[in-house]
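Remarks on the structure that follows.
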Amino acid sequence: MNAYESARHYFETAAAVMDLSPNMKKLLMTPEREVKVQVALKLDNGEIATFVGYRMQHNSARGPMKGGLRYHHEVDAEEVLALASLMTWKTAVVDIPYGGAKGGISVAPKTLSESELELMTRKFVDELQDVIGPDKDIPAPDMGTNAQVMAWIVNQYEKYHGFNPACVTGKPLELHGADGREEATGRGVGLLTEVMLKKFDRTLADATIALQGFGNVGSHAARYLSDNGGKVVAISDISGACYDSGGIDIAAALAHVKQHRSLEGFDAEKRISNEELLALDVDVLIPAALGGVLTEENAGDVRAKYIVEAANGPVLPEADEIFRKREIPVLPDILANAGGVTVSYLEWVQNRQYFKWDLDRTRAELARTLTASFDKMWQLATEKHIPLRTAAYLMGIGRVGRSTVLAGI
Ligand code: GLU
C-alpha cells in the first residue's frame with residue numbers, strides 16, 4: 001500500500017468501529033481544497049528549473065488548517081494528501097483548535113544551493129499567499145525544511161500582508177519563533193515512550209531502544225530518552241546504522257553530526273544496516289525517518305516489544321496487522337509525533353498575543369497535552385478492546401465529525 005491507501009485504510013478501520021455512514025465518510029475524507037502550482041526559477045548557473053509544489057487543505061472543521069511543508073524528491077499529490085488527512089486527525093487527537101493540511105515541493109533540496117532554495121521558497125509563497133495565513137492555513141517545517149525556510153516564508157508572506165508572524169510556525173527564535181519548537185516533536189516522542197512504558201509497568205531506565213533516523217525528530221527523541229535513563233543502543237541515518245550494546249553516547253553522536261553532517265565515521269561498537277536495526281532485540285523500536293519502512297516483508301523480523309511511530313506513516317497496514325497479531329503495541333504517529341504541532345500551536349498563540357513564554361512553560365504545556373491525550377486514547381483502547389491506533393483515530397474522527405455536524409453542513 002502507498003501512503004494514501006494506508007491513510008485511507010486506517011481511517012476506514014476506525015470508521016467501521018464508529019459505524020460511520022458512507023456519506024459521512026465521504027465528507028470527512030474529501031479534501032476541502034487541493035492546490036498544485038508551478039515553481040520555476042533560474043538556477044545559479046543560469047539554467048531554468050521547474051518544480052511542482054502542493055498545498056493540500058484537507059479539513060478546517062475545527063479551525064485554521066495546519067501542517068508542514070516537505071521538500072523531498074518523492075513528494076507527490078497523493079502522498080501530500082495522505083499526510084494532510086493525518087494532520088486533521090492529529091490536531092484533533094491532541095485537541096488543539098486546528099484542521100489539517102500539508103504541502104510540499106517535489107525536489108531534492110540538497111541539490112540546490114542556499115540561494116536557489118530561498119528563491120524557490122519565495123516563489124512557492126507567491127503562489128500560495130492568498131490561500132494560507134494565520135486564520136486560514138499555517139505551514140510549518142517537515143522533512144527537508146527547517147527554521148530558515150520558515151523565515152523566508154514569513155518574510156515573503158509579509159510582503160503581501162504586512163507584519164504577520166503567526167502565518168507560519170517553526171520560525172527562528174530571532175523571528176518570533178518559540179523556544180522549544182525545534183525539539184518538540186522528538187521530545188514528545190521521548191515523553192510518550194516513557195508514558196507508554198509506564199502503562200506496562202516498565203520504566204525508561206530498564207529499556208533498550210533502537211531509533212531509525214537521526215534528523216530533527218530522531219535526534220531530539222534520542223536526547224530525551226538518554227537524558228531520562230533510557231539506553232539507546234542503535235541510531236541511524238542515510239549513512240547506515242550504529243550499534244552499541246552499552247548504549248550510544250548520544251551527546252557524542254550529536255556533536256559528530258553537527259561537525260560532519262552525518263553519522264558517517266562515528267565511533268560505535270559496530271556498524272549495522274538499517275534493516276538490521278529494525279530487527280534488533282530491543283524493548284522499543286522508534287522509526288523516525290521515512291514513511292513505509294515497516295512492511296509485510298520485514299514486520300515478522302521485528303523483535304522489539306513496543307513500536308513508537310515518530311515518523312509519519314512508518315508502519316504500513318499489512319505490518320500493523322502482523323504487529324497486532326503478535327501483540328506488539330504500536331503507538332500511532334497521529335499521537336506519537338504530535339508534539340511538533342502542539343508546540344506550533346503554542347508558538348502561534350504567543351505570536352497572536354505578542355507575549356513570549358519561557359522554555360519551562362512550553363515544555364510543561366507540551367507534557368500536559370500529550371499525556372492527557374495518551375490517557376484518553378489508552379482508556380478508549382482498553383474499554384473497546386481496540387488497538388491504540390484505532391482508538392486515536394476514533395478520538396480524532398469523532399471530534400472532527402462532531403464539529404462538522406454542530407456547525408451545520
Ligand atoms: N510537520 C509536522 C507534523 O507532521 C509539524 C506540523 C506543524 O507543526 O504544523 O506534524
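Ordering of the C-alpha cells sets the chain letters (A, B, ...), residue numbers begin anew at 1 in every chain, and ligands are numbered from 1 in the order given.
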Please build the interface table for chain A against ligand 1 with a cut-off of 6 Å, listing for each qualifying residue the nearest atom pair and the distance in Å to one decimal; count only C-alpha atoms and all ligand atoms, order rows by chain and increasing number, and write it as CSV.
```
residue,atom,partner,partner_atom_place_in_ligand_line,distance
A:Lys66,CA,ligand 1,9 (O),4.9
A:Gly67,CA,ligand 1,9 (O),3.7
A:Gly68,CA,ligand 1,1 (N),3.8
A:Pro139,CA,ligand 1,9 (O),5.8
A:Ala140,CA,ligand 1,9 (O),4.6
A:Pro141,CA,ligand 1,1 (N),5.3
A:Asp142,CA,ligand 1,1 (N),4.0
A:Ala338,CA,ligand 1,10 (O),5.6
A:Gly340,CA,ligand 1,5 (C),4.9
A:Val341,CA,ligand 1,8 (O),3.5
A:Ser344,CA,ligand 1,8 (O),4.7
```
Taking the DSSP secondary structure from the backbone, can you list the residues of region 134-353 of chain A that are strand (DSSP E), as a PDB file with all heavy atoms, in the first residue's frame?
```pdb
ATOM      1  N   ASP A 137      -4.569  28.794   6.988  1.00  0.00           N
ATOM      2  CA  ASP A 137      -3.742  27.599   6.880  1.00  0.00           C
ATOM      3  C   ASP A 137      -2.312  28.012   7.219  1.00  0.00           C
ATOM      4  O   ASP A 137      -1.775  28.946   6.603  1.00  0.00           O
ATOM      5  CB  ASP A 137      -3.841  27.046   5.449  1.00  0.00           C
ATOM      6  CG  ASP A 137      -2.938  25.850   5.212  1.00  0.00           C
ATOM      7  OD1 ASP A 137      -2.309  25.373   6.164  1.00  0.00           O
ATOM      8  OD2 ASP A 137      -2.870  25.399   4.050  1.00  0.00           O
ATOM      9  N   ILE A 138      -1.733  27.332   8.195  1.00  0.00           N
ATOM     10  CA  ILE A 138      -0.438  27.753   8.752  1.00  0.00           C
ATOM     11  C   ILE A 138       0.620  26.666   8.520  1.00  0.00           C
ATOM     12  O   ILE A 138       0.618  25.639   9.196  1.00  0.00           O
ATOM     13  CB  ILE A 138      -0.585  28.024  10.281  1.00  0.00           C
ATOM     14  CG1 ILE A 138      -1.735  29.004  10.527  1.00  0.00           C
ATOM     15  CG2 ILE A 138       0.707  28.553  10.875  1.00  0.00           C
ATOM     16  CD1 ILE A 138      -2.800  28.496  11.458  1.00  0.00           C
ATOM     17  N   PRO A 139       1.528  26.883   7.569  1.00  0.00           N
ATOM     18  CA  PRO A 139       2.585  25.893   7.336  1.00  0.00           C
ATOM     19  C   PRO A 139       3.594  25.819   8.484  1.00  0.00           C
ATOM     20  O   PRO A 139       3.586  26.645   9.404  1.00  0.00           O
ATOM     21  CB  PRO A 139       3.275  26.389   6.055  1.00  0.00           C
ATOM     22  CG  PRO A 139       2.331  27.354   5.436  1.00  0.00           C
ATOM     23  CD  PRO A 139       1.573  27.972   6.587  1.00  0.00           C
ATOM     24  N   ALA A 140       4.460  24.822   8.418  1.00  0.00           N
ATOM     25  CA  ALA A 140       5.477  24.573   9.450  1.00  0.00           C
ATOM     26  C   ALA A 140       6.558  23.689   8.829  1.00  0.00           C
ATOM     27  O   ALA A 140       6.384  23.194   7.722  1.00  0.00           O
ATOM     28  CB  ALA A 140       4.829  23.863  10.640  1.00  0.00           C
ATOM     29  N   PRO A 141       7.648  23.455   9.545  1.00  0.00           N
ATOM     30  CA  PRO A 141       8.683  22.576   8.983  1.00  0.00           C
ATOM     31  C   PRO A 141       8.220  21.117   8.895  1.00  0.00           C
ATOM     32  O   PRO A 141       7.379  20.670   9.657  1.00  0.00           O
ATOM     33  CB  PRO A 141       9.844  22.691   9.979  1.00  0.00           C
ATOM     34  CG  PRO A 141       9.564  23.893  10.807  1.00  0.00           C
ATOM     35  CD  PRO A 141       8.079  24.036  10.836  1.00  0.00           C
ATOM     36  N   THR A 208      15.761  -0.782  26.523  1.00  0.00           N
ATOM     37  CA  THR A 208      16.695  -0.567  25.411  1.00  0.00           C
ATOM     38  C   THR A 208      15.886  -0.088  24.204  1.00  0.00           C
ATOM     39  O   THR A 208      14.746  -0.500  24.000  1.00  0.00           O
ATOM     40  CB  THR A 208      17.437  -1.864  25.045  1.00  0.00           C
ATOM     41  OG1 THR A 208      16.458  -2.893  24.809  1.00  0.00           O
ATOM     42  CG2 THR A 208      18.383  -2.289  26.155  1.00  0.00           C
ATOM     43  N   ILE A 209      16.515   0.795  23.425  1.00  0.00           N
ATOM     44  CA  ILE A 209      15.785   1.462  22.343  1.00  0.00           C
ATOM     45  C   ILE A 209      16.610   1.471  21.062  1.00  0.00           C
ATOM     46  O   ILE A 209      17.820   1.746  21.087  1.00  0.00           O
ATOM     47  CB  ILE A 209      15.472   2.927  22.748  1.00  0.00           C
ATOM     48  CG1 ILE A 209      14.636   2.961  24.032  1.00  0.00           C
ATOM     49  CG2 ILE A 209      14.751   3.674  21.624  1.00  0.00           C
ATOM     50  CD1 ILE A 209      15.054   4.022  24.998  1.00  0.00           C
ATOM     51  N   ALA A 210      15.952   1.186  19.937  1.00  0.00           N
ATOM     52  CA  ALA A 210      16.591   1.362  18.628  1.00  0.00           C
ATOM     53  C   ALA A 210      15.838   2.460  17.886  1.00  0.00           C
ATOM     54  O   ALA A 210      14.607   2.433  17.799  1.00  0.00           O
ATOM     55  CB  ALA A 210      16.535   0.059  17.833  1.00  0.00           C
ATOM     56  N   LEU A 211      16.590   3.419  17.378  1.00  0.00           N
ATOM     57  CA  LEU A 211      15.988   4.591  16.746  1.00  0.00           C
ATOM     58  C   LEU A 211      16.417   4.675  15.282  1.00  0.00           C
ATOM     59  O   LEU A 211      17.620   4.791  15.000  1.00  0.00           O
ATOM     60  CB  LEU A 211      16.525   5.821  17.463  1.00  0.00           C
ATOM     61  CG  LEU A 211      15.560   6.752  18.145  1.00  0.00           C
ATOM     62  CD1 LEU A 211      16.311   7.580  19.149  1.00  0.00           C
ATOM     63  CD2 LEU A 211      14.858   7.635  17.150  1.00  0.00           C
ATOM     64  N   GLN A 212      15.470   4.617  14.382  1.00  0.00           N
ATOM     65  CA  GLN A 212      15.828   4.766  12.963  1.00  0.00           C
ATOM     66  C   GLN A 212      15.617   6.214  12.545  1.00  0.00           C
ATOM     67  O   GLN A 212      14.499   6.722  12.614  1.00  0.00           O
ATOM     68  CB  GLN A 212      14.965   3.858  12.090  1.00  0.00           C
ATOM     69  CG  GLN A 212      15.453   3.857  10.656  1.00  0.00           C
ATOM     70  CD  GLN A 212      14.390   3.422   9.680  1.00  0.00           C
ATOM     71  OE1 GLN A 212      13.208   3.681   9.866  1.00  0.00           O
ATOM     72  NE2 GLN A 212      14.818   2.768   8.625  1.00  0.00           N
ATOM     73  N   LYS A 231      18.345   3.431  27.432  1.00  0.00           N
ATOM     74  CA  LYS A 231      19.579   3.021  26.769  1.00  0.00           C
ATOM     75  C   LYS A 231      19.314   2.912  25.260  1.00  0.00           C
ATOM     76  O   LYS A 231      18.701   1.945  24.788  1.00  0.00           O
ATOM     77  CB  LYS A 231      20.046   1.671  27.332  1.00  0.00           C
ATOM     78  CG  LYS A 231      21.521   1.399  27.023  1.00  0.00           C
ATOM     79  CD  LYS A 231      21.857  -0.061  27.181  1.00  0.00           C
ATOM     80  CE  LYS A 231      22.196  -0.449  28.607  1.00  0.00           C
ATOM     81  NZ  LYS A 231      22.564  -1.878  28.709  1.00  0.00           N
ATOM     82  N   VAL A 232      19.769   3.936  24.521  1.00  0.00           N
ATOM     83  CA  VAL A 232      19.580   3.931  23.059  1.00  0.00           C
ATOM     84  C   VAL A 232      20.744   3.132  22.466  1.00  0.00           C
ATOM     85  O   VAL A 232      21.873   3.618  22.416  1.00  0.00           O
ATOM     86  CB  VAL A 232      19.551   5.374  22.504  1.00  0.00           C
ATOM     87  CG1 VAL A 232      19.339   5.359  20.990  1.00  0.00           C
ATOM     88  CG2 VAL A 232      18.454   6.195  23.191  1.00  0.00           C
ATOM     89  N   VAL A 233      20.459   1.902  22.042  1.00  0.00           N
ATOM     90  CA  VAL A 233      21.553   1.037  21.586  1.00  0.00           C
ATOM     91  C   VAL A 233      21.844   1.197  20.097  1.00  0.00           C
ATOM     92  O   VAL A 233      22.902   0.767  19.629  1.00  0.00           O
ATOM     93  CB  VAL A 233      21.301  -0.457  21.917  1.00  0.00           C
ATOM     94  CG1 VAL A 233      21.288  -0.689  23.412  1.00  0.00           C
ATOM     95  CG2 VAL A 233      20.011  -0.953  21.274  1.00  0.00           C
ATOM     96  N   ALA A 234      20.899   1.778  19.348  1.00  0.00           N
ATOM     97  CA  ALA A 234      21.164   1.955  17.914  1.00  0.00           C
ATOM     98  C   ALA A 234      20.522   3.224  17.390  1.00  0.00           C
ATOM     99  O   ALA A 234      19.417   3.590  17.797  1.00  0.00           O
ATOM    100  CB  ALA A 234      20.640   0.749  17.137  1.00  0.00           C
ATOM    101  N   ILE A 235      21.247   3.898  16.505  1.00  0.00           N
ATOM    102  CA  ILE A 235      20.721   5.067  15.799  1.00  0.00           C
ATOM    103  C   ILE A 235      21.141   4.935  14.334  1.00  0.00           C
ATOM    104  O   ILE A 235      22.065   4.178  14.017  1.00  0.00           O
ATOM    105  CB  ILE A 235      21.251   6.410  16.379  1.00  0.00           C
ATOM    106  CG1 ILE A 235      22.790   6.415  16.425  1.00  0.00           C
ATOM    107  CG2 ILE A 235      20.675   6.689  17.759  1.00  0.00           C
ATOM    108  CD1 ILE A 235      23.384   7.746  16.864  1.00  0.00           C
ATOM    109  N   SER A 236      20.473   5.674  13.461  1.00  0.00           N
ATOM    110  CA  SER A 236      20.870   5.544  12.048  1.00  0.00           C
ATOM    111  C   SER A 236      20.546   6.813  11.275  1.00  0.00           C
ATOM    112  O   SER A 236      19.740   7.640  11.707  1.00  0.00           O
ATOM    113  CB  SER A 236      20.133   4.372  11.402  1.00  0.00           C
ATOM    114  OG  SER A 236      18.781   4.705  11.184  1.00  0.00           O
ATOM    115  N   ASP A 237      21.186   6.942  10.128  1.00  0.00           N
ATOM    116  CA  ASP A 237      20.796   7.958   9.143  1.00  0.00           C
ATOM    117  C   ASP A 237      21.101   7.378   7.766  1.00  0.00           C
ATOM    118  O   ASP A 237      21.326   6.170   7.643  1.00  0.00           O
ATOM    119  CB  ASP A 237      21.472   9.318   9.417  1.00  0.00           C
ATOM    120  CG  ASP A 237      22.978   9.288   9.225  1.00  0.00           C
ATOM    121  OD1 ASP A 237      23.518   8.262   8.756  1.00  0.00           O
ATOM    122  OD2 ASP A 237      23.620  10.306   9.541  1.00  0.00           O
ATOM    123  N   GLY A 240      23.856   4.788   7.221  1.00  0.00           N
ATOM    124  CA  GLY A 240      23.760   3.462   7.839  1.00  0.00           C
ATOM    125  C   GLY A 240      23.484   3.586   9.323  1.00  0.00           C
ATOM    126  O   GLY A 240      23.145   4.676   9.796  1.00  0.00           O
ATOM    127  N   ALA A 241      23.633   2.465  10.042  1.00  0.00           N
ATOM    128  CA  ALA A 241      23.279   2.481  11.458  1.00  0.00           C
ATOM    129  C   ALA A 241      24.485   2.153  12.341  1.00  0.00           C
ATOM    130  O   ALA A 241      25.410   1.467  11.926  1.00  0.00           O
ATOM    131  CB  ALA A 241      22.160   1.475  11.715  1.00  0.00           C
ATOM    132  N   CYS A 242      24.435   2.683  13.581  1.00  0.00           N
ATOM    133  CA  CYS A 242      25.492   2.416  14.560  1.00  0.00           C
ATOM    134  C   CYS A 242      24.871   1.658  15.717  1.00  0.00           C
ATOM    135  O   CYS A 242      23.763   2.001  16.160  1.00  0.00           O
ATOM    136  CB  CYS A 242      26.030   3.718  15.152  1.00  0.00           C
ATOM    137  SG  CYS A 242      26.566   4.897  13.934  1.00  0.00           S
ATOM    138  N   TYR A 243      25.573   0.660  16.218  1.00  0.00           N
ATOM    139  CA  TYR A 243      25.067  -0.142  17.339  1.00  0.00           C
ATOM    140  C   TYR A 243      26.075  -0.155  18.471  1.00  0.00           C
ATOM    141  O   TYR A 243      27.284  -0.271  18.228  1.00  0.00           O
ATOM    142  CB  TYR A 243      24.796  -1.570  16.864  1.00  0.00           C
ATOM    143  CG  TYR A 243      24.373  -2.484  17.988  1.00  0.00           C
ATOM    144  CD1 TYR A 243      23.050  -2.527  18.425  1.00  0.00           C
ATOM    145  CD2 TYR A 243      25.305  -3.302  18.620  1.00  0.00           C
ATOM    146  CE1 TYR A 243      22.672  -3.343  19.472  1.00  0.00           C
ATOM    147  CE2 TYR A 243      24.927  -4.133  19.677  1.00  0.00           C
ATOM    148  CZ  TYR A 243      23.609  -4.145  20.098  1.00  0.00           C
ATOM    149  OH  TYR A 243      23.230  -4.953  21.137  1.00  0.00           O
ATOM    150  N   LYS A 270      29.700  -1.273  16.651  1.00  0.00           N
ATOM    151  CA  LYS A 270      29.727  -1.800  15.281  1.00  0.00           C
ATOM    152  C   LYS A 270      28.737  -1.062  14.384  1.00  0.00           C
ATOM    153  O   LYS A 270      27.794  -0.447  14.860  1.00  0.00           O
ATOM    154  CB  LYS A 270      29.484  -3.307  15.259  1.00  0.00           C
ATOM    155  CG  LYS A 270      28.158  -3.755  15.775  1.00  0.00           C
ATOM    156  CD  LYS A 270      28.010  -5.276  15.611  1.00  0.00           C
ATOM    157  CE  LYS A 270      26.701  -5.728  16.230  1.00  0.00           C
ATOM    158  NZ  LYS A 270      26.432  -7.115  16.232  1.00  0.00           N
ATOM    159  N   ARG A 271      28.995  -1.154  13.075  1.00  0.00           N
ATOM    160  CA  ARG A 271      28.071  -0.589  12.089  1.00  0.00           C
ATOM    161  C   ARG A 271      27.146  -1.705  11.646  1.00  0.00           C
ATOM    162  O   ARG A 271      27.575  -2.835  11.437  1.00  0.00           O
ATOM    163  CB  ARG A 271      28.833  -0.072  10.841  1.00  0.00           C
ATOM    164  CG  ARG A 271      29.863   0.996  11.093  1.00  0.00           C
ATOM    165  CD  ARG A 271      29.290   2.346  11.433  1.00  0.00           C
ATOM    166  NE  ARG A 271      28.420   2.913  10.401  1.00  0.00           N
ATOM    167  CZ  ARG A 271      28.026   4.191  10.387  1.00  0.00           C
ATOM    168  NH1 ARG A 271      28.418   5.028  11.328  1.00  0.00           N
ATOM    169  NH2 ARG A 271      27.226   4.638   9.453  1.00  0.00           N
ATOM    170  N   ILE A 272      25.848  -1.397  11.551  1.00  0.00           N
ATOM    171  CA  ILE A 272      24.898  -2.384  11.040  1.00  0.00           C
ATOM    172  C   ILE A 272      24.067  -1.716   9.943  1.00  0.00           C
ATOM    173  O   ILE A 272      24.166  -0.493   9.755  1.00  0.00           O
ATOM    174  CB  ILE A 272      23.964  -2.929  12.164  1.00  0.00           C
ATOM    175  CG1 ILE A 272      23.241  -1.772  12.878  1.00  0.00           C
ATOM    176  CG2 ILE A 272      24.735  -3.785  13.159  1.00  0.00           C
ATOM    177  CD1 ILE A 272      22.211  -2.228  13.900  1.00  0.00           C
ATOM    178  N   VAL A 284      12.130  -1.094  22.697  1.00  0.00           N
ATOM    179  CA  VAL A 284      11.350  -0.142  21.900  1.00  0.00           C
ATOM    180  C   VAL A 284      12.034   0.133  20.560  1.00  0.00           C
ATOM    181  O   VAL A 284      13.232   0.440  20.517  1.00  0.00           O
ATOM    182  CB  VAL A 284      11.177   1.207  22.649  1.00  0.00           C
ATOM    183  CG1 VAL A 284      10.139   2.080  21.941  1.00  0.00           C
ATOM    184  CG2 VAL A 284      10.783   1.001  24.094  1.00  0.00           C
ATOM    185  N   LEU A 285      11.250   0.039  19.506  1.00  0.00           N
ATOM    186  CA  LEU A 285      11.743   0.405  18.173  1.00  0.00           C
ATOM    187  C   LEU A 285      11.043   1.703  17.769  1.00  0.00           C
ATOM    188  O   LEU A 285       9.815   1.800  17.814  1.00  0.00           O
ATOM    189  CB  LEU A 285      11.410  -0.714  17.174  1.00  0.00           C
ATOM    190  CG  LEU A 285      11.676  -0.398  15.705  1.00  0.00           C
ATOM    191  CD1 LEU A 285      13.166  -0.139  15.453  1.00  0.00           C
ATOM    192  CD2 LEU A 285      11.186  -1.545  14.813  1.00  0.00           C
ATOM    193  N   ILE A 286      11.838   2.701  17.397  1.00  0.00           N
ATOM    194  CA  ILE A 286      11.258   4.003  17.032  1.00  0.00           C
ATOM    195  C   ILE A 286      11.660   4.383  15.607  1.00  0.00           C
ATOM    196  O   ILE A 286      12.757   4.910  15.385  1.00  0.00           O
ATOM    197  CB  ILE A 286      11.714   5.113  18.020  1.00  0.00           C
ATOM    198  CG1 ILE A 286      11.456   4.681  19.474  1.00  0.00           C
ATOM    199  CG2 ILE A 286      11.018   6.435  17.707  1.00  0.00           C
ATOM    200  CD1 ILE A 286      11.757   5.736  20.515  1.00  0.00           C
ATOM    201  N   PRO A 287      10.798   4.119  14.625  1.00  0.00           N
ATOM    202  CA  PRO A 287      11.098   4.596  13.280  1.00  0.00           C
ATOM    203  C   PRO A 287      10.846   6.107  13.205  1.00  0.00           C
ATOM    204  O   PRO A 287       9.718   6.554  13.389  1.00  0.00           O
ATOM    205  CB  PRO A 287      10.136   3.810  12.378  1.00  0.00           C
ATOM    206  CG  PRO A 287       9.052   3.315  13.268  1.00  0.00           C
ATOM    207  CD  PRO A 287       9.554   3.335  14.681  1.00  0.00           C
ATOM    208  N   TYR A 306       7.723  -3.005  21.762  1.00  0.00           N
ATOM    209  CA  TYR A 306       6.830  -1.867  21.528  1.00  0.00           C
ATOM    210  C   TYR A 306       7.365  -1.071  20.337  1.00  0.00           C
ATOM    211  O   TYR A 306       8.578  -0.997  20.139  1.00  0.00           O
ATOM    212  CB  TYR A 306       6.779  -0.926  22.748  1.00  0.00           C
ATOM    213  CG  TYR A 306       6.607  -1.641  24.060  1.00  0.00           C
ATOM    214  CD1 TYR A 306       7.721  -1.958  24.849  1.00  0.00           C
ATOM    215  CD2 TYR A 306       5.339  -1.996  24.517  1.00  0.00           C
ATOM    216  CE1 TYR A 306       7.571  -2.632  26.063  1.00  0.00           C
ATOM    217  CE2 TYR A 306       5.192  -2.668  25.733  1.00  0.00           C
ATOM    218  CZ  TYR A 306       6.307  -2.987  26.490  1.00  0.00           C
ATOM    219  OH  TYR A 306       6.157  -3.646  27.672  1.00  0.00           O
ATOM    220  N   ILE A 307       6.432  -0.455  19.595  1.00  0.00           N
ATOM    221  CA  ILE A 307       6.855   0.388  18.472  1.00  0.00           C
ATOM    222  C   ILE A 307       6.255   1.781  18.658  1.00  0.00           C
ATOM    223  O   ILE A 307       5.080   1.918  19.023  1.00  0.00           O
ATOM    224  CB  ILE A 307       6.392  -0.224  17.128  1.00  0.00           C
ATOM    225  CG1 ILE A 307       7.092  -1.569  16.912  1.00  0.00           C
ATOM    226  CG2 ILE A 307       6.687   0.722  15.951  1.00  0.00           C
ATOM    227  CD1 ILE A 307       6.578  -2.374  15.767  1.00  0.00           C
ATOM    228  N   VAL A 308       7.071   2.796  18.424  1.00  0.00           N
ATOM    229  CA  VAL A 308       6.592   4.179  18.536  1.00  0.00           C
ATOM    230  C   VAL A 308       6.825   4.860  17.186  1.00  0.00           C
ATOM    231  O   VAL A 308       7.961   4.990  16.737  1.00  0.00           O
ATOM    232  CB  VAL A 308       7.346   4.932  19.663  1.00  0.00           C
ATOM    233  CG1 VAL A 308       6.891   6.382  19.741  1.00  0.00           C
ATOM    234  CG2 VAL A 308       7.133   4.240  21.011  1.00  0.00           C
ATOM    235  N   VAL A 330       1.593  -0.626  18.997  1.00  0.00           N
ATOM    236  CA  VAL A 330       2.159   0.430  18.141  1.00  0.00           C
ATOM    237  C   VAL A 330       1.557   1.756  18.590  1.00  0.00           C
ATOM    238  O   VAL A 330       0.343   1.951  18.505  1.00  0.00           O
ATOM    239  CB  VAL A 330       1.826   0.194  16.645  1.00  0.00           C
ATOM    240  CG1 VAL A 330       2.389   1.319  15.787  1.00  0.00           C
ATOM    241  CG2 VAL A 330       2.339  -1.163  16.172  1.00  0.00           C
ATOM    242  N   LEU A 331       2.395   2.660  19.078  1.00  0.00           N
ATOM    243  CA  LEU A 331       1.913   3.999  19.417  1.00  0.00           C
ATOM    244  C   LEU A 331       1.846   4.785  18.109  1.00  0.00           C
ATOM    245  O   LEU A 331       2.876   5.018  17.461  1.00  0.00           O
ATOM    246  CB  LEU A 331       2.860   4.668  20.421  1.00  0.00           C
ATOM    247  CG  LEU A 331       2.449   6.055  20.902  1.00  0.00           C
ATOM    248  CD1 LEU A 331       1.093   6.035  21.589  1.00  0.00           C
ATOM    249  CD2 LEU A 331       3.479   6.631  21.844  1.00  0.00           C
TER     250      LEU A 331
END
```
* Residue nearest Phe266 (chain A) - candidates A:Leu254, A:Ile397, A:Gly170, A:Val17, atoms counted: only C-alpha atoms ->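 Using only C-alpha atoms, Phe266 (chain A) sits closest to A:Leu254.
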* Might you pull out every residue within 9 Å of Glu127 (chain A), with only C-alpha atoms counted and same-chain residues fewer than 5 positions away left off, and present them as a ChimeraX atom specification? => /A:37-39,122
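Nearest to Met29 (chain A) of all the residues A:His58, A:His385, A:Lys305, A:Arg223 is A:His58, based on only C-alpha atoms.
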* Which polymer residues have any atom within 8 Å of an atom of Asn59 (chain A), counting only C-alpha atoms, with same-chain residues fewer than 6 positions away left out, as a list in words? ->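 In the requested format, the answer is Leu28, Pro31, Glu32, Met65, Ser85, Thr88, Gly99, Gly100 and Ala101 of chain A.
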Selection export as a short mmCIF file (atom, residue, chain, number, x, y, z; two decimals), in the first residue's frame, atoms kept: all heavy atoms:
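Contents of out.cif, freshly written:
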```cif
data_model
loop_
_atom_site.label_atom_id
_atom_site.label_comp_id
_atom_site.auth_asym_id
_atom_site.auth_seq_id
_atom_site.Cartn_x
_atom_site.Cartn_y
_atom_site.Cartn_z
N LEU A 28 -15.81 13.41 5.31
CA LEU A 28 -14.59 13.56 6.11
C LEU A 28 -13.32 13.24 5.34
O LEU A 28 -12.25 13.72 5.70
CB LEU A 28 -14.67 12.67 7.37
CG LEU A 28 -15.72 13.10 8.40
CD1 LEU A 28 -15.76 12.11 9.56
CD2 LEU A 28 -15.44 14.50 8.94
N PRO A 31 -10.93 16.19 0.55
CA PRO A 31 -10.21 17.42 0.94
C PRO A 31 -11.00 18.67 0.54
O PRO A 31 -11.72 18.67 -0.46
CB PRO A 31 -8.91 17.33 0.15
CG PRO A 31 -9.14 16.34 -0.92
CD PRO A 31 -10.24 15.43 -0.48
N GLU A 32 -10.85 19.72 1.33
CA GLU A 32 -11.57 20.96 1.02
C GLU A 32 -10.98 21.64 -0.21
O GLU A 32 -11.69 22.21 -1.02
CB GLU A 32 -11.51 21.91 2.23
CG GLU A 32 -12.36 21.39 3.38
CD GLU A 32 -12.37 22.32 4.58
OE1 GLU A 32 -12.01 23.50 4.46
OE2 GLU A 32 -12.74 21.83 5.67
N MET A 65 -6.36 25.48 9.05
CA MET A 65 -5.66 24.24 8.74
C MET A 65 -4.18 24.38 9.10
O MET A 65 -3.63 25.46 9.09
CB MET A 65 -5.88 23.89 7.28
CG MET A 65 -7.33 23.49 7.06
SD MET A 65 -7.81 23.26 5.37
CE MET A 65 -8.20 24.93 4.88
N SER A 85 -4.42 14.57 5.60
CA SER A 85 -5.50 13.95 6.38
C SER A 85 -4.97 13.51 7.75
O SER A 85 -5.66 13.66 8.76
CB SER A 85 -6.15 12.78 5.63
OG SER A 85 -5.29 11.66 5.58
N THR A 88 -5.22 16.38 10.05
CA THR A 88 -6.58 16.64 10.56
C THR A 88 -6.84 15.81 11.81
O THR A 88 -7.35 16.31 12.82
CB THR A 88 -7.63 16.29 9.48
OG1 THR A 88 -7.41 17.12 8.34
CG2 THR A 88 -9.05 16.49 9.98
N GLY A 99 -7.43 22.54 11.93
CA GLY A 99 -7.74 21.47 10.98
C GLY A 99 -6.43 20.91 10.47
O GLY A 99 -5.38 21.04 11.12
N GLY A 100 -6.47 20.30 9.30
CA GLY A 100 -5.26 19.66 8.78
C GLY A 100 -4.95 20.01 7.35
O GLY A 100 -5.85 20.11 6.50
N ALA A 101 -3.66 20.21 7.07
CA ALA A 101 -3.19 20.48 5.71
C ALA A 101 -1.76 19.96 5.59
O ALA A 101 -1.15 19.58 6.59
CB ALA A 101 -3.22 21.97 5.42
#
```
* To do: Give me the residues within 8 Å of region 356-365 of chain A as a list in words, counting only C-alpha atoms and dropping any in the same chain fewer than 4 places off.
  => Ala178, Asp179, Gly180, Val343, Leu346, Gln350, Asn351 and Thr369 of chain A
* Asked: Neighbours of Arg352 (chain A) within 12 Å (only C-alpha atoms; same-chain residues fewer than 6 positions away dropped), as a list in words?
  ->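 Non-adjacent residues within range: Pro134, Asp135, Phe163, Asn164, Pro165, Ala166, Cys167, Val168, Thr169, His176, Gly177, Tyr345 and Leu346 of chain A.
Considering the residues A:Ser106, A:Asn216, A:Thr295, A:Thr111 and counting only C-alpha atoms, Asp44 (chain A) has its shortest atom-to-atom contact with A:Thr111.
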* **Of the listed residues A:Val217, A:Leu81, A:Ala92, A:Val75, that which approaches Ala61 (chain A) most closely, counting only C-alpha atoms** =>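 Counting only C-alpha atoms, the residue closest to Ala61 (chain A) is A:Ala92.
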